[in-house]
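S.K.: Sharing target.json below, JSON, C-alpha atoms:
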```json
[["chain", "number", "residue", "atom", "x", "y", "z"],
["A", 1, "MET", "CA", 8.38, 6.97, 3.84],
["A", 2, "ASN", "CA", 8.84, 10.35, 2.15],
["A", 3, "TYR", "CA", 10.05, 13.52, 3.80],
["A", 4, "GLN", "CA", 8.70, 16.92, 2.89],
["A", 5, "ILE", "CA", 11.37, 19.52, 2.35],
["A", 6, "SER", "CA", 10.56, 23.06, 1.30],
["A", 7, "ALA", "CA", 11.60, 23.80, -2.26],
["A", 8, "ASP", "CA", 11.99, 27.55, -1.86],
["A", 9, "SER", "CA", 13.22, 29.18, 1.33],
["A", 10, "SER", "CA", 11.82, 32.59, 0.37],
["A", 11, "ASN", "CA", 8.29, 31.08, 0.18],
["A", 12, "LYS", "CA", 7.51, 33.11, -2.98],
["A", 13, "ASN", "CA", 6.81, 29.88, -4.81],
["A", 14, "LYS", "CA", 4.58, 27.64, -2.76],
["A", 15, "GLY", "CA", 5.76, 24.14, -3.42],
["A", 16, "LYS", "CA", 7.04, 21.02, -1.74],
["A", 17, "VAL", "CA", 9.67, 18.50, -2.67],
["A", 18, "ASN", "CA", 9.23, 14.95, -1.43],
["A", 19, "CYS", "CA", 12.46, 13.10, -0.75],
["A", 20, "ASN", "CA", 12.47, 9.35, -0.23],
["A", 21, "LYS", "CA", 14.39, 8.22, 2.87],
["A", 22, "ASN", "CA", 16.65, 6.08, 0.70],
["A", 23, "VAL", "CA", 17.98, 9.22, -1.00],
["A", 24, "LEU", "CA", 19.03, 10.70, 2.34],
["A", 25, "LEU", "CA", 20.53, 7.39, 3.48],
["A", 26, "SER", "CA", 22.50, 7.14, 0.22],
["A", 27, "ILE", "CA", 23.88, 10.67, 0.61],
["A", 28, "ILE", "CA", 25.03, 9.90, 4.16],
["A", 29, "ASN", "CA", 26.47, 6.51, 3.21],
["A", 30, "LEU", "CA", 28.49, 7.89, 0.28],
["A", 31, "ALA", "CA", 29.70, 10.95, 2.21],
["A", 32, "ALA", "CA", 30.96, 8.79, 5.08],
["A", 33, "LYS", "CA", 32.74, 6.29, 2.83],
["A", 34, "GLU", "CA", 34.54, 9.07, 0.94],
["A", 35, "ILE", "CA", 36.75, 9.81, 3.93],
["A", 36, "SER", "CA", 40.14, 8.11, 3.98],
["A", 37, "GLY", "CA", 40.46, 6.00, 7.10],
["A", 38, "VAL", "CA", 36.88, 4.73, 7.00],
["A", 39, "ASP", "CA", 36.96, 0.99, 6.34],
["A", 40, "SER", "CA", 33.23, 0.30, 6.32],
["A", 41, "LEU", "CA", 29.90, 1.22, 7.81],
["A", 42, "CYS", "CA", 28.65, -1.39, 10.22],
["A", 43, "ALA", "CA", 25.83, -2.14, 12.59],
["A", 44, "ASN", "CA", 26.06, -3.55, 16.07],
["A", 45, "PHE", "CA", 23.73, -6.41, 17.03],
["A", 46, "SER", "CA", 20.94, -4.28, 18.49],
["A", 47, "SER", "CA", 20.95, -1.84, 15.58],
["A", 48, "GLY", "CA", 20.90, -4.80, 13.17],
["A", 49, "ILE", "CA", 17.68, -6.02, 14.79],
["A", 50, "LYS", "CA", 16.21, -2.49, 14.85],
["A", 51, "ARG", "CA", 16.87, -2.20, 11.10],
["A", 52, "PHE", "CA", 14.28, -4.89, 10.42],
["A", 53, "PHE", "CA", 11.62, -3.08, 12.45],
["A", 54, "SER", "CA", 12.46, 0.54, 11.64],
["A", 55, "ASN", "CA", 11.94, 2.69, 8.56],
["A", 56, "ASN", "CA", 14.70, 5.13, 9.39],
["A", 57, "MET", "CA", 17.74, 2.86, 9.65],
["A", 58, "SER", "CA", 20.05, 1.43, 7.05],
["A", 59, "GLU", "CA", 23.26, -0.54, 7.46],
["A", 60, "GLY", "CA", 25.41, 1.66, 9.68],
["A", 61, "VAL", "CA", 23.18, 4.76, 9.51],
["A", 62, "LYS", "CA", 20.28, 5.79, 11.72],
["A", 63, "ILE", "CA", 18.19, 8.92, 11.14],
["A", 64, "THR", "CA", 15.96, 10.41, 13.83],
["A", 65, "TYR", "CA", 13.51, 13.27, 13.16],
["A", 66, "GLU", "CA", 12.98, 15.71, 16.00],
["A", 67, "ASN", "CA", 12.40, 19.45, 16.46],
["A", 68, "ASP", "CA", 11.91, 20.06, 12.73],
["A", 69, "GLY", "CA", 15.35, 18.63, 11.92],
["A", 70, "ILE", "CA", 17.31, 15.40, 11.75],
["A", 71, "THR", "CA", 19.84, 13.67, 13.95],
["A", 72, "VAL", "CA", 22.16, 11.25, 12.16],
["A", 73, "ASP", "CA", 23.98, 8.39, 13.87],
["A", 74, "ILE", "CA", 26.74, 6.73, 11.84],
["A", 75, "TYR", "CA", 28.34, 3.44, 12.93],
["A", 76, "LEU", "CA", 31.68, 2.69, 11.26],
["A", 77, "ASN", "CA", 34.99, 0.85, 11.38],
["A", 78, "VAL", "CA", 38.25, 2.79, 11.09],
["A", 79, "VAL", "CA", 41.42, 1.56, 9.38],
["A", 80, "TYR", "CA", 44.32, 0.87, 11.74],
["A", 81, "GLY", "CA", 46.87, 3.69, 11.79],
["A", 82, "TYR", "CA", 44.42, 6.57, 11.28],
["A", 83, "ASN", "CA", 43.61, 9.07, 14.03],
["A", 84, "ILE", "CA", 40.09, 8.10, 15.14],
["A", 85, "THR", "CA", 39.18, 11.60, 16.32],
["A", 86, "ASP", "CA", 40.31, 13.13, 13.03],
["A", 87, "VAL", "CA", 38.44, 10.55, 10.94],
["A", 88, "ALA", "CA", 35.24, 11.02, 12.97],
["A", 89, "HIS", "CA", 35.44, 14.81, 12.64],
["A", 90, "ARG", "CA", 36.02, 14.61, 8.87],
["A", 91, "VAL", "CA", 33.06, 12.21, 8.53],
["A", 92, "GLN", "CA", 30.83, 14.66, 10.43],
["A", 93, "GLU", "CA", 31.88, 17.58, 8.22],
["A", 94, "ASN", "CA", 31.55, 15.63, 4.96],
["A", 95, "VAL", "CA", 28.10, 14.27, 5.85],
["A", 96, "LYS", "CA", 26.96, 17.75, 6.92],
["A", 97, "ASN", "CA", 28.23, 19.30, 3.68],
["A", 98, "GLY", "CA", 26.75, 16.50, 1.56],
["A", 99, "ILE", "CA", 23.29, 16.80, 3.08],
["A", 100, "SER", "CA", 23.34, 20.62, 3.04],
["A", 101, "SER", "CA", 24.40, 20.81, -0.61],
["A", 102, "MET", "CA", 21.77, 18.37, -1.87],
["A", 103, "ILE", "CA", 18.77, 18.70, 0.47],
["A", 104, "ASP", "CA", 17.42, 21.68, 2.37],
["A", 105, "VAL", "CA", 16.93, 20.12, 5.80],
["A", 106, "LYS", "CA", 17.95, 21.26, 9.27],
["A", 107, "ILE", "CA", 20.65, 19.08, 10.83],
["A", 108, "ASN", "CA", 20.50, 18.91, 14.63],
["A", 109, "ASN", "CA", 23.38, 16.48, 15.28],
["A", 110, "ILE", "CA", 25.70, 14.13, 13.45],
["A", 111, "ASN", "CA", 27.00, 11.44, 15.83],
["A", 112, "VAL", "CA", 29.84, 9.15, 14.73],
["A", 113, "HIS", "CA", 30.18, 5.85, 16.61],
["A", 114, "VAL", "CA", 33.45, 3.99, 15.97],
["A", 115, "MET", "CA", 32.60, 0.32, 16.41],
["A", 116, "GLY", "CA", 36.02, -1.13, 15.67],
["A", 117, "VAL", "CA", 39.44, -0.89, 14.09],
["A", 118, "GLU", "CA", 40.20, -2.92, 10.97],
["A", 119, "PHE", "CA", 43.68, -4.12, 10.06],
["A", 120, "VAL", "CA", 44.10, -3.82, 6.30],
["A", 121, "GLY", "CA", 46.56, -6.28, 4.79],
["A", 122, "GLU", "CA", 48.49, -9.02, 6.52],
["A", 123, "ALA", "CA", 51.90, -8.47, 8.13],
["A", 124, "ASN", "CA", 52.56, -12.25, 8.02],
["A", 125, "GLU", "CA", 54.05, -13.68, 4.88]]
```
If you took the structure in this file and wrote it as structure tokens, what would it be?

M.R.:
Amino acid sequence: MNYQISADSSNKNKGKVNCNKNVLLSIINLAAKEISGVDSLCANFSSGIKRFFSNNMSEGVKITYENDGITVDIYLNVVYGYNITDVAHRVQENVKNGISSMIDVKINNINVHVMGVEFVGEANE
């Protein structure tokens, strides 16, 4: 599935840019994983099943198109010891900035769902 995104906001040059959904999913995936405190993107059971039947979902990322914009849902695990609220807010900002800098598309919402906390390293010797 390709998305049509206007190439020129002033509309002087009439043209369209087609962006494959995998490009948008890659931008979101990389932007989320850049944040310290994010262990991994994950999918819960129901979203794992939906991924097989849906074009707009990748591992840990779901994109919904509505009202001429997108809503992004990100499912992730946070590393133990990090402030979950702070990590989620930084993921939202980084994803928003990543999409805005690379693709001209309206972003309605970016929802971060923390699915779990991962303990990195073993305390037992």

S.K.: Nearest to Asn108 of chain A among A:Gln92, A:Lys16, A:Val87, A:Val23, with distances taken over only C-alpha atoms: which residue is it?

M.R.: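 When distances to Asn108 of chain A are compared using only C-alpha atoms, the smallest one comes from A:Gln92.
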
S.K.: Could you jot down the atom CA of Ser26 of chain A to atom CA of Ser58 of chain A separation for me, Å, one decimal place?

M.R.: 9.2 Å

S.K.: Just how far from atom CA of Ile35 of chain A is atom CA of Asn109 of chain A, in Å to one decimal?

M.R.: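 Distance reported for this atom pair: 18.8 Å.
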
S.K.: Counting all atoms listed in the file, write as a list in words all protein and nucleic acid residues lying at most 9 Å from (28.1, 11.6, 3.3) in the file's frame.

M.R.: Leu25, Ser26, Ile27, Ile28, Asn29, Leu30, Ala31, Ala32, Lys33, Glu34, Ile35, Val91, Gln92, Glu93, Asn94, Val95, Lys96, Asn97, Gly98 and Ile99 of chain A

S.K.: When distances are computed from all atoms listed in the file, which of A:Ile84, A:Ser40, A:Tyr75, A:Met115 shows the smallest separation from Ile63 of chain A?

M.R.: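 Ranking A:Ile84, A:Ser40, A:Tyr75, A:Met115 by distance to Ile63 of chain A, first place goes to A:Tyr75.
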
S.K.: Work out how far apart atom CA of Leu24 of chain A and atom CA of Asp39 of chain A are and give it in Å to one decimal.

M.R.: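 Separation between atom CA of Leu24 of chain A and atom CA of Asp39 of chain A: 20.8 Å.
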
S.K.: Would you pick out the contacts of Thr85 of chain A at 10 Å or less, using only C-alpha atoms, so that residues sharing its chain but fewer than 5 positions from it are not included, and give the list as a list in words?

M.R.: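 Residues near the query, excluding close chain neighbours: Arg90, Val91, Val112 and Val114 of chain A.
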
S.K.: May I ask which of the residues A:Ile103, A:Val72, A:Ile110, A:Val117 is the closest one to Asn18 of chain A, counting only C-alpha atoms?

M.R.: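 The shortest atom-to-atom distance to Asn18 of chain A comes from A:Ile103.
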
S.K.: Nearest to Asn83 of chain A: which of A:His113, A:Ser101, A:Lys106, A:Ser36 is it, counting only C-alpha atoms?

M.R.: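 That would be A:Ser36, the residue with the smallest distance to Asn83 of chain A.
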
S.K.: Within 9 Å of (15.4, 19.4, 16.3), in the coordinates the file gives, what residues turn up when you count all atoms listed in the file, written out as a PyMOL selection string?

M.R.: chain A and resi 65-71+106-109

S.K.: Select, from A:Gly116, A:Cys42, A:Lys21, A:Val105, the residue with the minimum atom-to-atom distance to Val79 of chain A, counting all atoms listed in the file.

M.R.: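 Residue with the minimum atom-to-atom distance to Val79 of chain A: A:Gly116.
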